[in-house]
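S.K.: My structure is in final-v6.cif, and what it holds is mmCIF, C-alpha atoms:
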```cif
data_work
loop_
_atom_site.label_atom_id
_atom_site.label_comp_id
_atom_site.auth_asym_id
_atom_site.auth_seq_id
_atom_site.Cartn_x
_atom_site.Cartn_y
_atom_site.Cartn_z
CA MET A 1 46.64 24.67 98.47
CA SER A 2 49.13 22.81 96.31
CA SER A 3 47.72 20.46 93.70
CA TYR A 4 50.23 17.94 95.06
CA ALA A 5 49.81 18.82 98.74
CA LYS A 6 49.34 15.25 99.97
CA GLU A 7 52.16 13.89 97.81
CA LEU A 8 54.48 16.61 99.11
CA GLU A 9 53.58 15.97 102.75
CA ILE A 10 53.98 12.20 102.49
CA ALA A 11 57.21 12.49 100.50
CA GLN A 12 58.75 14.84 103.06
CA LEU A 13 57.73 12.70 106.02
CA ALA A 14 58.89 9.52 104.25
CA VAL A 15 62.30 11.02 103.54
CA GLN A 16 62.51 12.33 107.09
CA ARG A 17 61.76 8.87 108.55
CA ALA A 18 64.26 7.21 106.21
CA ALA A 19 66.92 9.76 107.20
CA ILE A 20 66.50 8.72 110.85
CA LEU A 21 67.38 5.17 109.83
CA THR A 22 70.43 6.25 107.81
CA LYS A 23 71.78 8.24 110.76
CA ARG A 24 71.23 5.27 113.06
CA VAL A 25 73.15 3.03 110.68
CA PHE A 26 76.04 5.47 110.63
CA HIS A 27 76.20 6.05 114.38
CA GLU A 28 75.62 2.45 115.39
CA LYS A 29 78.44 1.37 113.05
CA ALA A 30 76.14 -1.21 111.47
CA LYS A 31 77.40 -0.10 108.10
CA GLY A 32 79.06 -2.71 105.95
CA THR A 33 79.53 -2.50 102.23
CA VAL A 34 78.18 -5.35 100.14
CA SER A 35 78.98 -5.77 96.47
CA LYS A 36 76.50 -4.88 93.78
CA ASP A 37 76.56 -5.59 90.05
CA ASP A 38 77.70 -2.08 89.13
CA LYS A 39 80.40 -2.22 91.86
CA SER A 40 79.26 0.95 93.62
CA PRO A 41 79.10 0.54 97.41
CA VAL A 42 75.75 -0.12 98.96
CA THR A 43 74.97 -0.21 102.65
CA ILE A 44 72.48 -1.63 105.08
CA GLY A 45 70.99 1.86 105.16
CA ASP A 46 70.20 1.68 101.44
CA PHE A 47 67.92 -1.33 101.85
CA GLY A 48 66.32 -0.12 105.07
CA ALA A 49 65.65 3.40 103.83
CA GLN A 50 64.16 2.10 100.57
CA ALA A 51 61.83 -0.25 102.46
CA LEU A 52 60.58 2.57 104.72
CA ILE A 53 59.99 4.99 101.85
CA ILE A 54 58.17 2.48 99.65
CA ALA A 55 55.99 1.35 102.58
CA ALA A 56 54.88 4.98 103.07
CA LEU A 57 54.17 5.45 99.36
CA LYS A 58 52.21 2.20 99.07
CA ALA A 59 50.14 3.09 102.17
CA ASN A 60 49.06 6.36 100.54
CA PHE A 61 49.30 5.84 96.77
CA PRO A 62 48.93 2.08 96.23
CA GLU A 63 48.54 2.31 92.45
CA ASP A 64 51.66 4.39 91.82
CA GLU A 65 54.73 2.78 90.28
CA ILE A 66 58.18 3.09 91.84
CA VAL A 67 61.66 3.20 90.32
CA ALA A 68 64.29 2.48 92.98
CA GLU A 69 67.87 1.33 93.08
CA GLU A 70 67.82 -1.77 95.26
CA GLU A 71 66.20 -5.19 94.96
CA ALA A 72 65.74 -7.76 97.71
CA ALA A 73 67.19 -10.87 96.00
CA GLN A 74 70.41 -10.66 98.01
CA LEU A 75 68.50 -10.24 101.28
CA ARG A 76 66.39 -13.31 100.59
CA GLU A 77 69.60 -15.33 100.44
CA GLU A 78 71.57 -13.72 103.28
CA ALA A 79 69.76 -14.19 106.57
CA ASN A 80 72.23 -12.24 108.72
CA LEU A 81 72.09 -9.17 106.51
CA ARG A 82 68.29 -9.43 106.30
CA THR A 83 67.96 -9.63 110.08
CA THR A 84 70.28 -6.67 110.63
CA ILE A 85 68.18 -4.55 108.28
CA TRP A 86 64.86 -5.73 109.71
CA ASP A 87 65.98 -4.91 113.26
CA LEU A 88 66.64 -1.33 112.13
CA VAL A 89 63.48 -1.00 110.02
CA LYS A 90 61.07 -2.28 112.66
CA SER A 91 62.50 0.07 115.30
CA THR A 92 62.63 3.27 113.22
CA SER A 93 59.64 5.59 113.40
CA LEU A 94 58.76 9.26 113.58
CA SER A 95 58.39 10.52 117.16
CA ASN A 96 55.17 12.35 116.25
CA ALA A 97 52.28 9.86 116.32
CA SER A 98 50.15 11.55 113.67
CA ALA A 99 53.12 11.96 111.32
CA GLU A 100 53.99 8.26 111.71
CA ALA A 101 50.34 7.31 111.18
CA ALA A 102 50.25 9.38 107.98
CA LEU A 103 52.97 7.08 106.62
CA GLY A 104 50.91 3.98 107.44
CA GLY A 105 52.80 3.13 110.60
CA PRO A 106 55.47 0.44 110.91
CA ILE A 107 56.13 -2.33 108.40
CA LYS A 108 54.42 -5.43 109.78
CA SER A 109 56.92 -8.21 109.03
CA GLU A 110 60.30 -9.10 107.57
CA ASP A 111 58.59 -10.59 104.51
CA ASP A 112 56.64 -7.36 103.99
CA MET A 113 59.94 -5.46 104.12
CA LEU A 114 61.33 -7.57 101.27
CA THR A 115 58.12 -7.14 99.27
CA PHE A 116 58.28 -3.36 99.67
CA ILE A 117 61.93 -3.24 98.55
CA ASP A 118 61.02 -5.17 95.40
CA TYR A 119 58.19 -2.77 94.50
CA GLY A 120 60.94 -0.47 93.19
CA ASN A 121 61.21 -2.45 89.95
CA SER A 122 59.18 -0.18 87.64
CA LYS A 123 60.76 0.39 84.25
CA GLY A 124 59.80 4.08 84.41
CA GLY A 125 58.58 5.84 81.29
CA ALA A 126 56.31 8.59 79.99
CA LYS A 127 52.92 7.38 81.27
CA GLY A 128 51.30 7.63 84.68
CA ARG A 129 52.53 8.37 88.19
CA ILE A 130 56.01 7.07 88.96
CA TRP A 131 58.14 7.76 92.04
CA ALA A 132 61.95 7.67 91.80
CA ILE A 133 63.91 6.82 94.95
CA ASP A 134 67.59 6.87 95.79
CA PRO A 135 67.62 5.75 99.44
CA ILE A 136 71.22 6.83 100.01
CA ASP A 137 72.68 8.90 97.20
CA GLY A 138 76.41 9.29 97.81
CA THR A 139 77.22 6.08 99.69
CA LYS A 140 80.92 6.95 99.94
CA GLY A 141 80.06 10.35 101.41
CA PHE A 142 77.70 8.59 103.82
CA LEU A 143 80.38 6.16 104.96
CA ARG A 144 82.89 8.90 105.75
CA GLY A 145 80.42 11.20 107.50
CA GLY A 146 80.31 13.57 104.54
CA GLN A 147 77.49 14.53 102.21
CA TYR A 148 74.76 12.17 101.14
CA ALA A 149 71.08 12.54 100.36
CA VAL A 150 67.84 10.59 100.71
CA CYS A 151 66.09 11.37 97.43
CA LEU A 152 62.47 11.07 96.34
CA ALA A 153 60.65 12.50 93.33
CA LEU A 154 57.23 12.06 91.73
CA MET A 155 56.97 12.07 87.96
CA VAL A 156 53.62 12.34 86.22
CA ASP A 157 53.65 11.40 82.54
CA GLY A 158 57.43 11.76 82.54
CA ASP A 159 57.53 15.24 84.11
CA VAL A 160 58.85 15.76 87.65
CA LYS A 161 56.12 17.34 89.79
CA VAL A 162 57.42 16.89 93.36
CA GLY A 163 61.02 16.60 94.57
CA VAL A 164 62.36 16.03 98.10
CA LEU A 165 65.96 15.77 99.28
CA GLY A 166 66.93 14.90 102.84
CA CYS A 167 70.55 15.98 103.47
CA PRO A 168 71.43 14.93 107.04
CA ASN A 169 74.94 16.41 107.02
CA LEU A 170 74.38 19.79 105.35
CA PRO A 171 74.29 22.84 107.68
CA ILE A 172 70.77 23.88 108.68
CA ASP A 173 71.72 27.51 107.96
CA ASP A 174 70.89 28.21 104.30
CA ALA A 175 73.47 31.00 104.28
CA ALA A 176 76.37 28.82 105.50
CA PRO A 177 79.13 28.98 102.88
CA LEU A 178 80.38 25.84 101.18
CA THR A 179 83.77 24.65 102.41
CA GLY A 180 86.12 21.81 101.53
CA SER A 181 85.59 20.33 105.00
CA MET A 182 82.08 19.18 103.99
CA GLU A 183 83.49 15.91 102.57
CA SER A 184 83.79 14.20 105.95
CA GLY A 185 83.16 14.53 109.67
CA GLN A 186 79.90 16.44 109.23
CA THR A 187 77.61 14.51 111.56
CA ASP A 188 77.52 16.95 114.49
CA GLU A 189 74.73 19.22 115.72
CA GLY A 190 73.37 22.07 113.62
CA ARG A 191 73.14 19.86 110.56
CA GLY A 192 70.33 18.19 108.67
CA CYS A 193 68.10 19.81 106.04
CA LEU A 194 64.99 18.78 104.16
CA PHE A 195 64.59 20.43 100.76
CA SER A 196 61.47 20.25 98.63
CA GLY A 197 59.94 21.67 95.51
CA VAL A 198 56.65 21.41 93.62
CA LEU A 199 56.50 22.31 89.94
CA GLY A 200 55.36 25.92 89.59
CA GLU A 201 55.29 26.54 93.35
CA GLY A 202 58.91 27.26 94.30
CA ALA A 203 61.34 25.47 96.61
CA VAL A 204 61.82 25.49 100.38
CA SER A 205 64.16 24.18 103.04
CA ARG A 206 63.48 23.20 106.64
CA PRO A 207 65.49 21.49 109.37
CA LEU A 208 65.26 17.70 109.38
CA THR A 209 63.52 16.51 112.55
CA THR A 210 62.65 13.14 114.04
CA GLY A 211 58.93 13.89 114.22
CA ALA A 212 56.54 16.30 112.50
CA LEU A 213 57.74 18.63 109.75
CA ALA A 214 59.51 21.79 110.95
CA SER A 215 58.49 25.17 109.55
CA SER A 216 60.00 25.97 106.15
CA GLN A 217 61.58 28.94 104.42
CA LYS A 218 61.74 29.73 100.72
CA ILE A 219 65.07 29.19 99.02
CA SER A 220 66.47 30.72 95.86
CA MET A 221 69.57 30.64 93.72
CA LYS A 222 72.02 33.48 94.15
CA ALA A 223 71.82 35.86 91.18
CA ILE A 224 75.21 35.95 89.47
CA THR A 225 76.31 39.46 88.57
CA ASP A 226 79.92 38.43 87.96
CA ILE A 227 80.48 34.86 86.83
CA ALA A 228 84.13 35.07 87.89
CA ALA A 229 83.00 35.28 91.53
CA ALA A 230 80.97 32.05 91.32
CA THR A 231 81.63 28.83 93.24
CA PHE A 232 81.48 25.44 91.56
CA CYS A 233 80.15 22.27 93.16
CA GLU A 234 81.49 19.04 91.72
CA SER A 235 81.59 15.34 92.51
CA VAL A 236 84.21 13.96 94.86
CA GLU A 237 84.68 10.94 92.63
CA ALA A 238 86.70 11.53 89.44
CA GLY A 239 84.79 8.56 88.02
CA HIS A 240 81.55 10.56 88.24
CA SER A 241 82.67 13.81 86.59
CA SER A 242 85.77 14.99 84.74
CA HIS A 243 87.74 17.16 87.18
CA GLY A 244 90.27 18.18 84.49
CA ASP A 245 87.60 19.55 82.16
CA GLN A 246 85.97 21.32 85.09
CA ALA A 247 89.23 23.09 85.99
CA GLU A 248 89.62 24.24 82.38
CA ILE A 249 86.03 25.55 82.32
CA ALA A 250 86.61 27.46 85.57
CA LYS A 251 89.77 29.01 84.14
CA LYS A 252 88.02 30.18 80.96
CA LEU A 253 85.19 31.71 83.04
CA GLY A 254 87.75 33.50 85.22
CA ILE A 255 86.58 31.63 88.32
CA THR A 256 89.29 31.50 90.96
CA ASN A 257 87.29 30.24 93.95
CA PRO A 258 88.29 26.64 94.65
CA SER A 259 85.67 24.07 93.61
CA VAL A 260 83.81 22.45 96.48
CA ARG A 261 83.64 18.69 96.08
CA MET A 262 80.83 16.77 97.70
CA ASP A 263 78.91 13.59 97.05
CA SER A 264 75.25 13.24 96.12
CA GLN A 265 72.36 15.55 95.23
CA ALA A 266 73.47 17.72 98.16
CA LYS A 267 75.16 19.65 95.32
CA TYR A 268 71.79 20.49 93.76
CA ALA A 269 70.46 21.50 97.19
CA SER A 270 73.49 23.65 97.92
CA ILE A 271 73.23 25.72 94.75
CA ALA A 272 69.42 25.93 95.05
CA ARG A 273 69.75 27.78 98.35
CA GLY A 274 72.57 30.02 97.14
CA ALA A 275 75.39 28.38 99.10
CA GLY A 276 77.08 27.54 95.79
CA ASP A 277 76.40 28.75 92.27
CA ILE A 278 77.15 26.17 89.57
CA TYR A 279 76.99 22.37 89.48
CA LEU A 280 78.65 20.56 86.61
CA ARG A 281 78.63 16.82 86.01
CA LEU A 282 80.80 16.27 82.98
CA PRO A 283 80.76 12.96 81.10
CA VAL A 284 83.65 10.61 81.84
CA LYS A 285 82.55 7.69 79.64
CA ALA A 286 80.67 8.04 76.37
CA THR A 287 78.49 5.03 77.15
CA TYR A 288 77.45 5.96 80.70
CA GLN A 289 73.79 6.77 81.27
CA GLU A 290 72.79 8.71 84.37
CA LYS A 291 70.11 7.11 86.56
CA ILE A 292 66.88 9.10 86.93
CA TRP A 293 66.88 8.72 90.73
CA ASP A 294 70.25 10.54 90.89
CA HIS A 295 68.80 13.73 89.39
CA ALA A 296 64.99 13.95 89.45
CA ALA A 297 64.51 15.68 92.81
CA GLY A 298 67.56 17.94 92.52
CA ASP A 299 66.70 19.03 88.98
CA LEU A 300 63.23 20.20 90.04
CA ILE A 301 64.40 21.91 93.25
CA VAL A 302 67.08 23.91 91.41
CA ARG A 303 64.65 24.97 88.68
CA GLU A 304 62.03 25.98 91.27
CA ALA A 305 64.70 27.99 93.10
CA GLY A 306 65.36 30.06 89.96
CA GLY A 307 68.00 27.96 88.26
CA ALA A 308 68.35 26.33 84.87
CA VAL A 309 69.36 22.69 84.47
CA THR A 310 70.35 21.15 81.14
CA ASP A 311 72.73 18.54 79.80
CA ILE A 312 75.97 19.54 78.05
CA HIS A 313 74.05 19.95 74.77
CA GLY A 314 71.63 22.45 76.35
CA LYS A 315 68.71 20.01 76.48
CA ARG A 316 66.47 19.69 79.54
CA LEU A 317 66.92 16.43 81.44
CA ASP A 318 64.36 13.93 80.12
CA PHE A 319 62.93 11.68 82.84
CA SER A 320 60.33 10.08 80.55
CA ILE A 321 62.45 7.45 78.82
CA GLY A 322 62.94 4.81 81.50
CA ARG A 323 65.26 4.21 84.45
CA THR A 324 68.07 6.27 82.89
CA LEU A 325 68.56 9.68 81.28
CA ALA A 326 69.29 7.87 78.00
CA GLU A 327 68.89 11.01 75.86
CA ASN A 328 71.12 13.26 77.99
CA LYS A 329 74.86 13.58 78.59
CA GLY A 330 76.16 15.33 81.69
CA VAL A 331 74.53 18.10 83.74
CA VAL A 332 74.98 21.88 83.75
CA ALA A 333 73.06 23.62 86.56
CA ALA A 334 73.41 27.36 87.14
CA PRO A 335 71.34 30.47 87.90
CA THR A 336 69.08 31.22 84.93
CA GLY A 337 70.91 34.47 84.15
CA GLY A 338 74.34 32.84 83.90
CA HIS A 339 73.49 29.42 82.49
CA ALA A 340 73.99 30.28 78.81
CA GLN A 341 77.47 31.69 79.49
CA VAL A 342 78.49 28.61 81.50
CA LEU A 343 77.04 26.23 78.90
CA ALA A 344 78.92 27.96 76.08
CA VAL A 345 82.24 27.47 77.85
CA VAL A 346 81.38 23.85 78.74
CA GLN A 347 80.71 23.17 75.07
CA GLU A 348 83.92 24.94 74.01
CA VAL A 349 86.07 22.92 76.42
CA LEU A 350 84.38 19.64 75.55
CA GLY A 351 84.62 20.35 71.83
CA ILE A 352 80.86 20.30 71.22
CA LYS A 353 79.86 22.09 68.06
#
```
Please express what this file holds, its structure, as structure tokens.
M.R.:
Amino acid sequence: MSSYAKELEIAQLAVQRAAILTKRVFHEKAKGTVSKDDKSPVTIGDFGAQALIIAALKANFPEDEIVAEEEAAQLREEANLRTTIWDLVKSTSLSNASAEAALGGPIKSEDDMLTFIDYGNSKGGAKGRIWAIDPIDGTKGFLRGGQYAVCLALMVDGDVKVGVLGCPNLPIDDAAPLTGSMESGQTDEGRGCLFSGVLGEGAVSRPLTTGALASSQKISMKAITDIAAATFCESVEAGHSSHGDQAEIAKKLGITNPSVRMDSQAKYASIARGAGDIYLRLPVKATYQEKIWDHAAGDLIVREAGGAVTDIHGKRLDFSIGRTLAENKGVVAAPTGGHAQVLAVVQEVLGIK
């Protein structure tokens, strides 16, 4: 029995319930982008999914802190937006009664929904139990029917112990190859995966369902015997990762397969199950700090699937500092056996001594 068995079960069910809401938002065309201070798009699904996840965590682990992306100030001022979100939240549940009960059941009122959203204001840090949530990672991918992820991770004293990624638009088949068509129009049948990992216990995938958890299968990185045959995953947005540097790195490694661009931590999930091989996120701005909720779950799942994840300086990602990865720049994720070779070329191209 896992030492984090309850946390894993609740995290998976919470992500699964939140994913139902995100799919409803997409299909019911209730999506509308509202501005946010950092100018990245945020949707109705972001607020609703965060409320549902935090409600489940608070029902089971009331003392735990939570670091999440959204805050409810805007919803307190905008009644129409608040009502739209509440209508979705109050009518989204798991179809399995015991699974829904395990999450504490439905949120009782609109005010409770706002309170739950605002519980995500922890400053993070190196002490205690802290959950990190990204309710919809990859909002642009979400809006075009491409890749996005519902992300949840538990950190204990700054170390990630449990990671869960719900990827509603990834193929269920772990062996399905990555293709360029994954950027949009991926909302049909045969899609939807739930990935999870517990520190020291490996990583698994299972189909996303609308009720109880489906049976799982172990996932692992593909061993690289020839780095030139590898496939890169990279961000769709040039503002998130330097595409020019990535192309130069691929050339120096002899990689000729075209890079597959997709939004969100679906990239971590894809390489963890061997559908891709290498994920690079190369710094675009010297001052930018990655948010912990954008990496915590994916970092653990890749490492538990037999991969290595570091920044461009070869340091492990440090989730103990606060809400950002303040001590890290960029991400280099690859199978353990090939990581050093990839990192060396990354450092050569970026001019890191």
S.K.: To one decimal place in Å, what is the distance between atom CA of Glu248 of chain A and atom CA of Phe232 of chain A?
M.R.: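 We find that atom CA of Glu248 of chain A and atom CA of Phe232 of chain A lie 12.3 Å from each other.
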S.K.: Between atom CA of Asp263 of chain A and atom CA of Gly138 of chain A, measure the distance and give it in Å to one decimal.
M.R.: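 About the pair atom CA of Asp263 of chain A and atom CA of Gly138 of chain A: they are 5.0 Å apart.
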S.K.: For atom CA of Asp112 of chain A and atom CA of Trp86 of chain A, determine how far apart the two atoms are, in Å to one decimal place.
M.R.: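 Going from atom CA of Asp112 of chain A over to atom CA of Trp86 of chain A covers 10.1 Å.
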S.K.: Which residues fall under the PyMOL selection byres ((chain A and resi 264) around 7) in this file, as a ChimeraX atom specification?
M.R.: /A:137-138,147-149,262-263,265-267
S.K.: Do you know which residues are at most 12 Å from Glu348 of chain A counting only C-alpha atoms, after dropping those on the same chain fewer than 4 positions away, and could you put them as a list in words?
M.R.: Asp245, Gln246, Glu248, Ile249, Lys252, Leu253, Ile312, His313, Gln341, Val342, Leu343, Ala344, Ile352 and Lys353 of chain A
S.K.: Run the PyMOL selection byres ((chain A and resi 287) around 12) against the file shown and list the residues it catches, as a PyMOL selection string.
M.R.: chain A and resi 283-286+288-290+324-330
S.K.: Would you list the residues near (73.6, 14.3, 108.5), meaning any protein, DNA or RNA residue with an atom at most 12 Å from that point in file coordinates, counting only C-alpha atoms, as a PyMOL selection string?
M.R.: chain A and resi 16+18-27+136+141-150+166-172+182-194+207-209+266
S.K.: For Gln74 of chain A, which residue among A:Asp118, A:Asp159, A:Ala175, A:Asn60 is the nearest when counting all atoms listed in the file?
M.R.: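 Among A:Asp118, A:Asp159, A:Ala175, A:Asn60, it is A:Asp118 that comes nearest to Gln74 of chain A.
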S.K.: What's around Ser241 of chain A at 8 Å? Count all atoms listed in the file, leave out sequence neighbours fewer than 4 positions away in its own chain, and write the answer as a ChimeraX atom specification.
M.R.: /A:234-235,237,280-284
S.K.: Segment 220-222 of chain A: which residues within 9 Å, counting only C-alpha atoms, same-chain residues fewer than 2 positions away excluded, as a ChimeraX atom specification?
M.R.: /A:202-204,218,224,271-277,302,304-307,334-336
S.K.: Starting from the shown file, work through the PyMOL selection byres ((chain A and resi 55) around 8) and note down what comes out as a list in words.
M.R.: Ala51, Leu52, Ile53, Ile54, Ala56, Leu57, Lys58, Ala59, Leu103, Gly104, Ile107 and Phe116 of chain A
S.K.: Show me, as a tab-separated table, the residues of segment 168-283 of chain A having an atom within 7 Å of segment 90-102 of chain A, each with the closest atom pair and its distance in Å, using all atoms listed in the file.
M.R.:
```
residue	atom	partner	partner_atom	distance
A:Thr210	CA	A:Leu94	CA	5.5
A:Gly211	CA	A:Ser95	CA	4.5
A:Ala212	CA	A:Asn96	CA	5.6
```
